[in-house]
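Containing compact mmCIF, C-alpha atoms: protein_10.txt.
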```
# COMPACT_ATOMS: atom_id res chain seq x y z
CA MET A 230 -1.01 1.56 18.65
CA LYS A 231 -0.75 5.30 18.92
CA ASN A 232 -2.62 7.69 16.64
CA THR A 233 -5.93 5.86 16.42
CA PHE A 234 -8.44 7.01 13.82
CA VAL A 235 -12.08 6.21 14.52
CA TYR A 236 -14.44 5.92 11.58
CA GLN A 237 -17.89 5.74 13.09
CA ALA A 238 -20.33 4.19 10.70
CA GLU A 239 -23.22 1.84 11.30
CA LYS A 240 -23.17 0.02 8.00
CA PRO A 241 -22.47 -3.57 7.00
CA VAL A 242 -19.66 -2.82 4.54
CA ILE A 243 -16.57 -0.60 4.87
CA LYS A 244 -15.02 0.33 1.52
CA LEU A 245 -11.29 0.90 1.11
CA LEU A 246 -9.23 2.15 -1.82
CA GLN A 247 -5.56 1.14 -2.02
CA ILE A 248 -3.08 3.00 -4.16
CA THR A 249 0.58 2.11 -4.04
CA ASP A 250 4.03 2.90 -5.41
CA PRO A 251 3.45 6.14 -7.38
CA HIS A 252 7.22 6.96 -7.35
CA LEU A 253 6.67 10.67 -7.95
CA PHE A 254 9.62 12.99 -8.66
CA LYS A 255 10.44 16.65 -8.08
CA ASP A 256 10.28 17.11 -11.84
CA GLU A 257 6.78 16.41 -13.19
CA SER A 258 8.27 15.28 -16.50
CA ALA A 259 10.64 12.74 -14.93
CA GLU A 260 10.37 9.11 -15.93
CA LEU A 261 10.96 5.84 -14.14
CA LEU A 262 12.14 3.18 -16.58
CA GLY A 263 10.46 4.98 -19.44
CA VAL A 264 7.16 5.84 -17.73
CA ASN A 265 6.22 9.34 -16.61
CA THR A 266 5.09 8.56 -13.07
CA GLN A 267 3.24 11.85 -12.64
CA ALA A 268 1.14 11.17 -15.74
CA SER A 269 0.43 7.54 -14.86
CA PHE A 270 -0.59 8.43 -11.30
CA ALA A 271 -2.85 11.21 -12.57
CA GLN A 272 -4.48 8.78 -15.00
CA VAL A 273 -5.13 6.23 -12.25
CA LEU A 274 -6.75 8.86 -10.04
CA LYS A 275 -8.80 10.17 -12.95
CA GLU A 276 -10.24 6.77 -13.76
CA ILE A 277 -10.96 6.00 -10.11
CA GLN A 278 -12.90 9.24 -9.82
CA GLN A 279 -14.81 8.54 -13.03
CA GLU A 280 -16.14 5.33 -11.47
CA ASN A 281 -17.86 7.51 -8.88
CA HIS A 282 -17.56 4.85 -6.19
CA GLU A 283 -17.80 5.97 -2.58
CA PHE A 284 -14.79 4.91 -0.51
CA ASP A 285 -14.65 5.35 3.24
CA VAL A 286 -10.88 5.61 3.53
CA ILE A 287 -7.84 5.48 1.24
CA LEU A 288 -4.64 3.54 1.95
CA ALA A 289 -1.39 4.74 0.34
CA THR A 290 1.03 1.88 0.89
CA GLY A 291 4.45 3.32 0.24
CA ASP A 292 6.99 4.48 -2.32
CA LEU A 293 5.00 7.64 -2.78
CA VAL A 294 8.05 9.63 -3.89
CA GLN A 295 11.16 8.34 -5.65
CA ASP A 296 13.62 11.17 -4.99
CA SER A 297 12.75 12.38 -1.45
CA SER A 298 11.68 15.74 -2.87
CA ASP A 299 9.47 18.29 -1.13
CA GLU A 300 7.72 18.82 -4.44
CA GLY A 301 6.89 15.13 -4.86
CA TYR A 302 5.23 14.85 -1.45
CA THR A 303 3.45 18.20 -1.84
CA ARG A 304 2.06 17.14 -5.20
CA PHE A 305 0.89 13.80 -3.81
CA VAL A 306 -1.16 15.62 -1.16
CA GLU A 307 -2.66 17.99 -3.72
CA MET A 308 -3.60 15.14 -6.04
CA MET A 309 -5.45 13.31 -3.26
CA LYS A 310 -7.56 16.29 -2.16
CA PRO A 311 -10.36 15.86 -4.74
CA PHE A 312 -11.37 12.54 -3.14
CA ASN A 313 -12.29 14.36 0.07
CA LYS A 314 -11.55 11.20 2.08
CA PRO A 315 -8.93 10.53 4.75
CA VAL A 316 -5.71 9.13 3.27
CA PHE A 317 -3.53 6.95 5.52
CA TRP A 318 0.07 6.26 4.56
CA ILE A 319 3.02 4.03 5.31
CA PRO A 320 6.60 4.37 4.07
CA GLY A 321 8.10 2.27 1.31
CA ASN A 322 11.78 1.59 0.81
CA HIS A 323 12.14 4.64 -1.46
CA ASP A 324 10.39 7.06 0.90
CA PHE A 325 12.14 9.53 3.22
CA GLN A 326 10.23 9.47 6.48
CA PRO A 327 11.24 12.92 7.80
CA LYS A 328 9.76 14.44 4.64
CA MET A 329 6.64 12.29 4.99
CA GLU A 330 6.14 13.50 8.55
CA GLU A 331 6.64 17.09 7.41
CA PHE A 332 4.47 17.14 4.29
CA LEU A 333 1.86 14.44 4.94
CA ASN A 334 0.46 16.20 8.00
CA GLN A 335 -2.38 18.11 6.35
CA LEU A 336 -5.80 17.15 5.07
CA PRO A 337 -6.67 14.83 3.48
CA MET A 338 -3.62 13.03 4.81
CA ASP A 339 -3.77 11.37 8.23
CA GLY A 340 -0.82 9.90 10.09
CA ALA A 341 -2.84 7.42 12.15
CA LYS A 342 -1.61 3.83 11.98
CA HIS A 343 -4.52 2.21 13.82
CA LEU A 344 -7.88 2.55 12.12
CA LEU A 345 -11.11 1.55 13.83
CA LEU A 346 -13.41 1.05 10.86
CA GLY A 347 -17.09 0.94 11.70
CA GLU A 348 -18.29 -1.49 14.33
CA HIS A 349 -16.49 -4.66 13.25
CA TRP A 350 -13.09 -3.95 11.69
CA GLN A 351 -9.68 -2.47 12.35
CA ALA A 352 -6.68 -1.89 10.09
CA LEU A 353 -3.15 -1.84 11.46
CA LEU A 354 -0.57 0.00 9.37
CA LEU A 355 2.98 -1.24 9.94
CA ASP A 356 6.32 0.37 9.09
CA SER A 357 8.51 -2.23 7.36
CA GLN A 358 11.10 0.22 6.04
CA VAL A 359 14.80 -0.36 6.68
CA TYR A 360 16.22 2.97 5.63
CA GLY A 361 18.70 2.87 2.78
CA VAL A 362 18.04 -0.70 1.62
CA PRO A 363 15.30 -2.24 -0.55
CA HIS A 364 14.33 -5.13 1.73
CA GLY A 365 11.98 -4.79 4.66
CA GLN A 366 11.92 -5.74 8.32
CA LEU A 367 9.50 -5.13 11.16
CA SER A 368 11.31 -3.75 14.19
CA GLN A 369 10.66 -5.17 17.63
CA HIS A 370 8.82 -1.95 18.39
CA GLN A 371 6.46 -2.51 15.46
CA LEU A 372 5.89 -6.14 16.46
CA ASP A 373 5.17 -5.11 20.05
CA LEU A 374 2.71 -2.44 18.92
CA LEU A 375 0.97 -4.97 16.70
CA LYS A 376 0.63 -7.50 19.52
CA GLU A 377 -0.57 -4.87 21.97
CA THR A 378 -3.22 -3.53 19.60
CA LEU A 379 -4.52 -6.99 18.73
CA GLU A 380 -4.81 -7.79 22.44
CA LYS A 381 -6.81 -4.62 23.08
CA ASN A 382 -9.30 -5.25 20.28
CA PRO A 383 -9.99 -9.00 20.29
CA GLU A 384 -13.53 -8.54 19.01
CA ARG A 385 -12.55 -6.75 15.79
CA TYR A 386 -11.68 -8.39 12.50
CA THR A 387 -8.24 -7.18 11.45
CA LEU A 388 -6.54 -6.13 8.24
CA VAL A 389 -2.74 -5.83 8.50
CA VAL A 390 -1.13 -3.38 6.07
CA LEU A 391 2.58 -2.99 5.22
CA HIS A 392 4.78 -2.18 2.24
CA HIS A 393 7.03 -5.23 1.74
CA HIS A 394 5.91 -8.60 0.46
CA LEU A 395 5.56 -11.88 2.33
CA LEU A 396 4.91 -14.37 -0.45
CA PRO A 397 7.61 -15.13 -3.04
CA THR A 398 7.06 -13.70 -6.51
CA ASN A 399 9.23 -16.45 -8.00
CA SER A 400 11.56 -13.71 -9.22
CA ALA A 401 14.96 -14.02 -7.57
CA TRP A 402 15.91 -10.38 -8.10
CA LEU A 403 12.70 -9.13 -6.43
CA ASP A 404 12.37 -11.70 -3.67
CA GLN A 405 15.67 -10.63 -2.12
CA HIS A 406 13.82 -7.39 -1.29
CA ASN A 407 11.06 -9.08 0.72
CA LEU A 408 10.09 -8.76 4.38
CA ARG A 409 13.03 -10.47 6.04
CA ASN A 410 11.35 -11.40 9.33
CA SER A 411 7.98 -12.67 8.17
CA HIS A 412 8.42 -15.58 10.60
CA GLU A 413 8.32 -13.11 13.50
CA LEU A 414 5.19 -11.51 12.10
CA ALA A 415 3.62 -14.97 11.89
CA GLU A 416 4.46 -15.63 15.54
CA VAL A 417 2.78 -12.42 16.68
CA LEU A 418 -0.35 -13.04 14.61
CA ALA A 419 -0.77 -16.73 15.44
CA PRO A 420 -2.76 -16.40 18.71
CA PHE A 421 -5.33 -14.02 17.21
CA THR A 422 -8.13 -15.68 15.27
CA ASN A 423 -9.63 -12.35 14.19
CA VAL A 424 -6.79 -11.48 11.79
CA LYS A 425 -8.30 -11.94 8.34
CA ALA A 426 -5.96 -10.49 5.73
CA ILE A 427 -2.62 -8.89 4.92
CA LEU A 428 -2.24 -6.16 2.31
CA TYR A 429 0.93 -4.79 0.71
CA GLY A 430 2.46 -3.08 -2.32
CA HIS A 431 6.16 -2.98 -3.27
CA ILE A 432 6.19 -5.70 -5.92
CA HIS A 433 4.34 -3.74 -8.64
CA GLN A 434 2.07 -6.69 -9.46
CA GLU A 435 -1.21 -8.25 -8.41
CA VAL A 436 -1.36 -11.09 -5.89
CA ASN A 437 -4.47 -12.74 -4.44
CA SER A 438 -3.36 -15.69 -2.37
CA GLU A 439 -2.94 -17.07 1.13
CA TRP A 440 -0.19 -17.12 3.74
CA ASN A 441 -0.48 -19.09 6.99
CA GLY A 442 -4.24 -19.11 6.59
CA TYR A 443 -4.52 -15.35 6.02
CA GLN A 444 -5.82 -13.83 2.82
CA VAL A 445 -2.93 -12.00 1.11
CA MET A 446 -3.33 -9.17 -1.37
CA ALA A 447 -0.73 -7.24 -3.36
CA THR A 448 -1.61 -4.45 -5.71
CA PRO A 449 -0.22 -3.09 -8.99
CA ALA A 450 1.75 0.14 -8.84
CA THR A 451 0.34 3.31 -10.33
CA CYS A 452 3.39 3.39 -12.65
CA ILE A 453 5.61 0.57 -13.96
CA GLN A 454 4.79 -3.12 -13.44
CA PHE A 455 7.25 -5.91 -12.59
CA LYS A 456 6.81 -9.22 -14.34
CA PRO A 457 6.39 -12.21 -12.00
CA ASP A 458 8.18 -15.54 -12.35
CA CYS A 459 11.37 -14.03 -13.80
CA GLN A 460 14.84 -14.90 -12.56
CA TYR A 461 16.24 -11.55 -13.70
CA PHE A 462 14.86 -8.02 -13.64
CA SER A 463 11.86 -7.89 -15.98
CA LEU A 464 9.21 -5.28 -16.69
CA ASP A 465 5.63 -6.06 -17.65
CA THR A 466 3.37 -4.38 -20.18
CA LEU A 467 0.33 -4.61 -17.88
CA GLN A 468 -1.09 -1.18 -17.09
CA PRO A 469 -1.05 0.78 -13.82
CA GLY A 470 -3.81 -0.03 -11.37
CA TRP A 471 -5.36 0.12 -7.92
CA ARG A 472 -7.31 -2.11 -5.53
CA GLU A 473 -10.81 -1.80 -4.11
CA ILE A 474 -11.64 -3.65 -0.90
CA GLU A 475 -14.92 -4.27 0.90
CA LEU A 476 -14.80 -5.29 4.56
CA HIS A 477 -18.04 -7.03 5.51
CA SER A 478 -19.57 -7.25 8.97
CA ASP A 479 -19.26 -11.06 9.01
CA GLY A 480 -15.47 -10.86 8.58
CA SER A 481 -15.45 -11.64 4.88
CA ILE A 482 -13.57 -9.56 2.31
CA CYS A 483 -14.47 -8.79 -1.28
CA THR A 484 -11.74 -7.23 -3.37
CA GLU A 485 -10.92 -6.37 -6.96
CA VAL A 486 -7.87 -5.00 -8.77
CA LYS A 487 -8.58 -2.60 -11.60
CA ARG A 488 -6.28 -1.14 -14.23
CA ILE A 489 -6.54 1.97 -16.37
CA GLN A 490 -8.46 1.61 -19.64
CA GLN A 491 -8.26 5.04 -21.25
CA ALA A 492 -4.50 5.40 -21.72
CA LYS A 493 -1.46 3.21 -22.15
CA PHE A 494 1.94 3.51 -20.45
CA LEU A 495 4.72 1.29 -21.80
CA PRO A 496 8.08 1.09 -20.04
CA ASN A 497 11.47 0.83 -21.67
CA MET A 498 11.74 -2.96 -21.88
CA GLN A 499 15.50 -2.74 -22.40
CA GLU A 500 16.10 -1.50 -18.85
CA GLU A 501 18.01 -3.92 -16.63
CA GLY A 502 17.21 -2.48 -13.21
CA TYR A 503 16.67 0.67 -11.22
```
Rewritten as structure tokens:
Amino acid sequence: MKNTFVYQAEKPVIKLLQITDPHLFKDESAELLGVNTQASFAQVLKEIQQENHEFDVILATGDLVQDSSDEGYTRFVEMMKPFNKPVFWIPGNHDFQPKMEEFLNQLPMDGAKHLLLGEHWQALLLDSQVYGVPHGQLSQHQLDLLKETLEKNPERYTLVVLHHHLLPTNSAWLDQHNLRNSHELAEVLAPFTNVKAILYGHIHQEVNSEWNGYQVMATPATCIQFKPDCQYFSLDTLQPGWREIELHSDGSICTEVKRIQQAKFLPNMQEEGY
């Protein structure tokens, strides 16, 4: 993969922070389904910082901005600066990639999609966006890059990162927006025994499960939450959150989802979609 970032650290644990689906707007007062996304994102970042945990890198896994606005992307960058850590990003279905390339090219943002993390791990950030539609698909180019990078680093444990979901949420309305060619992803990964886990956002809910023998993690959005196991569009009253991940030198992963405690954001439960 092009744009390799090397994090040189001789320590047994690499610590990652995942934030996903902020859905920021040009207008700081704008709401998504009754929730002010600027305020909810700010609250998530505030509570993360109050924990005073040291993260090595931050992963921002898509849907950073809802309305393709310059202001939304600019504000995202400014809000991440206090962490003073590199922030790696991938596009979600709502993102506009030309704007991402334009505005997410300054510190602390980093456009690298291949991360060499310490002595034992690598993370591969994949682009699953199909522009203009909610569902995802990995292009042949992305699949080829993935295969090539895995072949070049057979000794490293691997975390695969993308936006769209692999496992069903048991919600018909949401599962039509999944990764459409997960079978092709499975074929590429199958020969490589060092692939340990897959991480995504998109579904605005927490998942800790398994897919084809890989640990699978999905993370709550920093704004509204979607209710699982619902045939029709349904919002949840669970609060915005984030995920903390520890990559250990023996290939094991420790992870925890946390949600804000000091404020409450409740969506408009009468909404029927967005």
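By only C-alpha atoms, and with residues fewer than 6 positions from region 479-488 of chain A along its chain excluded, the set lying at most 8 Å from it is A:Val273, A:His349, A:Trp350, A:Tyr386, A:Lys425, A:Glu435, A:Thr448, A:Pro449, A:Gln468, A:Pro469, A:Gly470, A:Trp471, A:Arg472, A:Glu473.
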For a quick check of understanding, using only C-alpha atoms, which of A:His433, A:Leu414, A:Gln326, A:Leu388 has the smallest distance to Val445 (chain A)? A:Leu388
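Atom to atom, CA of Glu413 (chain A) and CA of Lys376 (chain A) stand 11.3 Å apart.
Counting only C-alpha atoms, the residue from A:Glu331, A:Asp465, A:Glu280, A:Asp285 that sits nearest to Thr303 (chain A) is A:Glu331.
Straight-line separation from CA of Pro320 (chain A) to CA of Gly291 (chain A): 4.5 Å.
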So that I can look at just that part, could you write region 245-273 of chain A with N, CA, C and O atoms, as a short mmCIF file (atom, residue, chain, number, x, y, z; two decimals), in the first residue's frame?
```cif
data_model
loop_
_atom_site.label_atom_id
_atom_site.label_comp_id
_atom_site.auth_asym_id
_atom_site.auth_seq_id
_atom_site.Cartn_x
_atom_site.Cartn_y
_atom_site.Cartn_z
N LEU A 245 -4.74 2.34 20.38
CA LEU A 245 -5.49 3.05 19.35
C LEU A 245 -6.77 3.63 19.93
O LEU A 245 -7.39 3.05 20.81
N LEU A 246 -7.16 4.76 19.38
CA LEU A 246 -8.47 5.37 19.66
C LEU A 246 -9.24 5.41 18.35
O LEU A 246 -8.72 5.91 17.35
N GLN A 247 -10.46 4.87 18.35
CA GLN A 247 -11.33 4.97 17.17
C GLN A 247 -12.50 5.91 17.47
O GLN A 247 -13.22 5.73 18.45
N ILE A 248 -12.66 6.89 16.59
CA ILE A 248 -13.87 7.71 16.58
C ILE A 248 -14.50 7.56 15.20
O ILE A 248 -13.80 7.43 14.20
N THR A 249 -15.82 7.59 15.16
CA THR A 249 -16.46 7.33 13.88
C THR A 249 -17.80 8.04 13.76
O THR A 249 -18.48 8.30 14.75
N ASP A 250 -18.13 8.41 12.53
CA ASP A 250 -19.44 8.95 12.16
C ASP A 250 -19.84 10.21 12.94
O ASP A 250 -20.93 10.25 13.51
N PRO A 251 -19.01 11.26 12.93
CA PRO A 251 -19.42 12.51 13.59
C PRO A 251 -20.54 13.25 12.86
O PRO A 251 -21.30 13.98 13.48
N HIS A 252 -20.59 13.14 11.51
CA HIS A 252 -21.63 13.79 10.70
C HIS A 252 -21.71 15.30 11.00
O HIS A 252 -22.79 15.84 11.27
N LEU A 253 -20.57 15.97 10.92
CA LEU A 253 -20.54 17.41 11.15
C LEU A 253 -21.18 18.15 9.97
O LEU A 253 -21.22 17.65 8.84
N PHE A 254 -21.64 19.37 10.23
CA PHE A 254 -22.26 20.22 9.22
C PHE A 254 -21.50 21.54 9.09
O PHE A 254 -20.70 21.91 9.95
N LYS A 255 -21.80 22.26 8.02
CA LYS A 255 -21.29 23.63 7.87
C LYS A 255 -21.75 24.49 9.03
O LYS A 255 -20.96 25.25 9.62
N ASP A 256 -23.01 24.37 9.37
CA ASP A 256 -23.62 25.14 10.45
C ASP A 256 -23.41 24.40 11.78
O ASP A 256 -23.88 23.27 11.94
N GLU A 257 -22.75 25.02 12.72
CA GLU A 257 -22.46 24.38 14.00
C GLU A 257 -23.72 24.07 14.81
O GLU A 257 -23.68 23.25 15.72
N SER A 258 -24.81 24.71 14.48
CA SER A 258 -26.06 24.48 15.21
C SER A 258 -26.95 23.45 14.53
O SER A 258 -28.04 23.15 15.02
N ALA A 259 -26.50 22.88 13.42
CA ALA A 259 -27.33 21.94 12.67
C ALA A 259 -27.49 20.63 13.43
O ALA A 259 -26.62 20.20 14.17
N GLU A 260 -28.64 20.01 13.22
CA GLU A 260 -28.95 18.75 13.89
C GLU A 260 -29.15 17.62 12.88
O GLU A 260 -29.61 17.84 11.76
N LEU A 261 -28.80 16.43 13.31
CA LEU A 261 -29.10 15.22 12.57
C LEU A 261 -30.10 14.41 13.39
O LEU A 261 -29.77 13.95 14.49
N LEU A 262 -31.31 14.33 12.90
CA LEU A 262 -32.37 13.57 13.58
C LEU A 262 -32.54 14.02 15.03
O LEU A 262 -32.74 13.21 15.93
N GLY A 263 -32.43 15.32 15.23
CA GLY A 263 -32.68 15.88 16.55
C GLY A 263 -31.46 16.04 17.44
O GLY A 263 -31.57 16.56 18.56
N VAL A 264 -30.29 15.62 16.97
CA VAL A 264 -29.07 15.74 17.77
C VAL A 264 -28.11 16.73 17.10
O VAL A 264 -27.82 16.61 15.90
N ASN A 265 -27.62 17.67 17.87
CA ASN A 265 -26.61 18.60 17.38
C ASN A 265 -25.28 17.84 17.31
O ASN A 265 -24.67 17.54 18.34
N THR A 266 -24.84 17.55 16.10
CA THR A 266 -23.67 16.68 15.94
C THR A 266 -22.37 17.37 16.36
O THR A 266 -21.42 16.70 16.78
N GLN A 267 -22.33 18.68 16.22
CA GLN A 267 -21.15 19.41 16.70
C GLN A 267 -21.02 19.28 18.21
O GLN A 267 -19.95 18.99 18.74
N ALA A 268 -22.12 19.46 18.91
CA ALA A 268 -22.10 19.38 20.38
C ALA A 268 -21.79 17.97 20.86
O ALA A 268 -21.03 17.78 21.82
N SER A 269 -22.37 16.97 20.22
CA SER A 269 -22.14 15.59 20.67
C SER A 269 -20.69 15.18 20.41
O SER A 269 -20.06 14.50 21.24
N PHE A 270 -20.14 15.58 19.27
CA PHE A 270 -18.75 15.26 18.96
C PHE A 270 -17.82 15.95 19.96
O PHE A 270 -16.87 15.34 20.48
N ALA A 271 -18.10 17.21 20.25
CA ALA A 271 -17.28 17.95 21.21
C ALA A 271 -17.32 17.29 22.59
O ALA A 271 -16.31 17.22 23.29
N GLN A 272 -18.49 16.78 22.97
CA GLN A 272 -18.62 16.13 24.27
C GLN A 272 -17.83 14.83 24.32
O GLN A 272 -17.18 14.52 25.33
N VAL A 273 -17.88 14.06 23.24
CA VAL A 273 -17.09 12.83 23.17
C VAL A 273 -15.61 13.14 23.32
O VAL A 273 -14.90 12.52 24.12
#
```
